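Contents: one structure, followed by commentary.
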Amino acid sequence: MLVTLFRLLSRLPLPALHALGSTLGWLVYLASPSYRRRLSENIRRAGHATYRNAAISESGKSILELAFVWCAPPERVLRCANIENWELVQAALDAKQGVIFLTPHLGCFEIIAQSIAARTPLTVLYRPPRKEALKPLIEGARARANLLLAPANLAGVRALFKCLKKGGAIGLLPDQVPQHGEGVWADFFGKPAYTMTLPAKLHQLSGAPIILSYAERLPFGRGYVVRFVRFEEALGDTPASQAAAINRAMEKLIARCPAQYFWSYHRYKIPGGVAPPAAVAATDVASEQT
């Protein structure tokens with residue numbers, strides 16, 4: 001049913017999907033107290049509260065545009081994506097050291113993988129959705145030419161490392177909350193967030209450069225600008241310092257278009273089996289578990 005709905009929606013023009021998505025964003029915001037609280041608290045904590053109304057609309061767009069990105073013909077999708085600063089990526093590929101793309105939940109992050117895969121093979125870390133109904137939709141949509149999925153387990157990590165050793169490109173969502181034992185606590189906009197350590201480990205083991213990427217959503221459904229940015233933070237020697245450096249880089253990237261970050265994402269949740277950070281008060285722990 002969901003696959004059929006997305007396929008039908010994918011036939012609509014992108015401006016129509018974004019207009020409908022903007023309305024959807026406000027409906028969800030008004031209808032869900034928990035969603036409303038999380039979005040408002042996260043954007044305020046980050047110092048971008050003036051973008052709250054725009055963020056509400058953009059969050060709805062990010063949902064409905066998935067029908068277009070996942071289900072429309074690839075050539076139609078890629079026509080909507082303009083690439084900036086690809087020479088940064090090409091230089092890394094030419095050096096044959098591999099490339100680690102870090103893409104936060106900013107803008108239309110789903111279109112980035114397709115844009116990269118149109119130019120070079122890409123392997124991305126993939127965590128299956130919790131809802132079984134979403135699995136065929138997401139996996140089918142991401143099964144595009146030159147785009148490979150690596151499961152979020154030890155076998156998947158080995159596949160990523162193998163790809164880098166061959167000079168290939170991999171992609172990760174650095175602000176995705178990792179599972180127990182796969183992260184450390186590091187500040188993200190002034191509050192501890194359980195942060196993955198995998199990007200820095202892969203960088204240390206392979207020597208592959210880290211490149212940040214995001215796809216800014218243009219107004220009125222005019223498409224996207226996919227941008228690549230050099231990672232300039234000093235990683236340090238410990239997992240904690242490395243995670244903190246990656247979070248700082250994400251904060252700077254988000255500041256480029258703060259209305260388009262997915263502020264309702266449960267970034268500060270405490271994964272099962274993970275001890276909460278000492279800096280988080282008991283009241284915050286209780287609220288983040290809801």
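Simple scheme: letters A, B, ... for chains in structure tokens order, numbers from 1 for residues in each chain, numbers from 1 for ligands in the order shown.
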
#### Entry: Shell of 8 Å around stretch 201-218 of chain A, only C-alpha atoms, local chain residues under 5 positions omitted, as a PyMOL selection string
chain A and resi 89+92+97-104+106-109+111-112+161+164-165+223-231+257+260

Determine, for each residue of stretch 157-246 of chain A having at least one atom at most 9 Å from an atom of stretch 13-27 of chain A, the closest pair of atoms and their separation in Å to one decimal, counting only C-alpha atoms; order by chain and ascending number, as a tab-separated table.
residue	atom	partner	partner_atom	distance
A:Pro219	CA	A:Pro15	CA	8.7
A:Phe220	CA	A:Pro15	CA	5.6
A:Gly221	CA	A:Pro15	CA	3.8
A:Arg222	CA	A:Pro15	CA	6.9
A:Gly223	CA	A:Leu14	CA	7.6

Could you take the residues named above and write them with N, CA and C atoms, as a short mmCIF file (atom, residue, chain, number, x, y, z; two decimals), in the first residue's frame?
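The resulting file, selection_1.cif, is shown below:
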data_model
loop_
_atom_site.label_atom_id
_atom_site.label_comp_id
_atom_site.auth_asym_id
_atom_site.auth_seq_id
_atom_site.Cartn_x
_atom_site.Cartn_y
_atom_site.Cartn_z
N PRO A 219 13.79 27.06 -3.12
CA PRO A 219 12.39 27.47 -2.93
C PRO A 219 11.51 27.09 -4.12
N PHE A 220 10.23 26.92 -3.85
CA PHE A 220 9.20 26.69 -4.87
C PHE A 220 9.46 25.44 -5.72
N GLY A 221 10.10 24.45 -5.12
CA GLY A 221 10.30 23.19 -5.83
C GLY A 221 11.23 23.27 -7.02
N ARG A 222 12.17 24.21 -6.98
CA ARG A 222 13.07 24.39 -8.14
C ARG A 222 14.22 23.38 -8.14
N GLY A 223 14.24 22.47 -7.19
CA GLY A 223 15.28 21.45 -7.17
C GLY A 223 16.21 21.60 -5.99
#

### Query
Out of A:Pro239, A:Gly190, A:Pro178, A:Pro199, which residue has the shortest atom-to-atom distance to A:Gly272 when counting only C-alpha atoms?
A:Pro178

### Message
Under the rule that only C-alpha atoms are counted, which of A:Pro33, A:Gly236, A:Gly168, A:Pro121 is the nearest residue to A:Asp94?
### Response
A:Gly168

So that I can see what lies close to A:Ala152, please list as a short mmCIF file (atom, residue, chain, number, x, y, z; two decimals) with C-alpha atoms, in the first residue's frame the residues with an atom at most 12 Å from it, counting only C-alpha atoms and leaving out residues fewer than 5 positions away in the same chain.
data_model
loop_
_atom_site.label_atom_id
_atom_site.label_comp_id
_atom_site.auth_asym_id
_atom_site.auth_seq_id
_atom_site.Cartn_x
_atom_site.Cartn_y
_atom_site.Cartn_z
CA THR A 123 28.68 2.18 -0.68
CA VAL A 124 26.47 3.53 2.10
CA LEU A 125 25.87 2.25 5.61
CA TYR A 126 22.25 1.17 5.91
CA ARG A 127 20.15 0.43 8.97
CA PRO A 128 16.84 -1.32 8.13
CA PRO A 129 13.74 0.58 9.28
CA VAL A 157 31.77 -2.18 8.50
CA ARG A 158 34.16 -4.63 6.86
CA ALA A 159 32.55 -3.91 3.50
CA LEU A 160 33.06 -0.17 4.04
CA LEU A 172 27.59 7.71 6.46
CA LEU A 173 24.97 9.70 8.40
CA GLN A 176 22.40 9.08 13.27
CA VAL A 177 22.25 7.70 16.81
CA PRO A 178 24.43 4.57 16.94
CA GLN A 179 23.61 1.42 18.84
CA GLU A 182 29.16 1.98 18.76
CA MET A 196 29.13 7.33 16.30
CA LEU A 198 32.97 4.82 13.02
#

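Minimum atom-to-atom distance to A:Pro258, evaluated using only C-alpha atoms, belongs to A:Ser59 out of A:Ser59, A:Asn82, A:Asn153, A:Asn146.
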
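Shortest atom-to-atom contact with A:Glu41 among A:Tyr265, A:Ala275, A:Leu147, A:Met250: A:Tyr265, counting only C-alpha atoms.
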
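When only C-alpha atoms are used to compute distances to A:Tyr261, the closest of the residues A:Ala54, A:Val28, A:Val274, A:Ala145 turns out to be A:Ala54.
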
### Task
Provide the atom CA of A:Lys191 to atom CA of A:Ala259 distance in Å, to one decimal place.
19.6 Å

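When only C-alpha atoms are used to compute distances to A:Cys80, the closest of the residues A:Ser115, A:Tyr51, A:Leu149, A:Glu251 turns out to be A:Ser115.
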
### Query
Using the chain letters and numbers from this document, which residues of stretch 85-267 of chain A does DSSP assign to alpha helix (DSSP H), as a ChimeraX atom specification?
/A:86-94,109-117,135-142,154-165,198-206,239-254
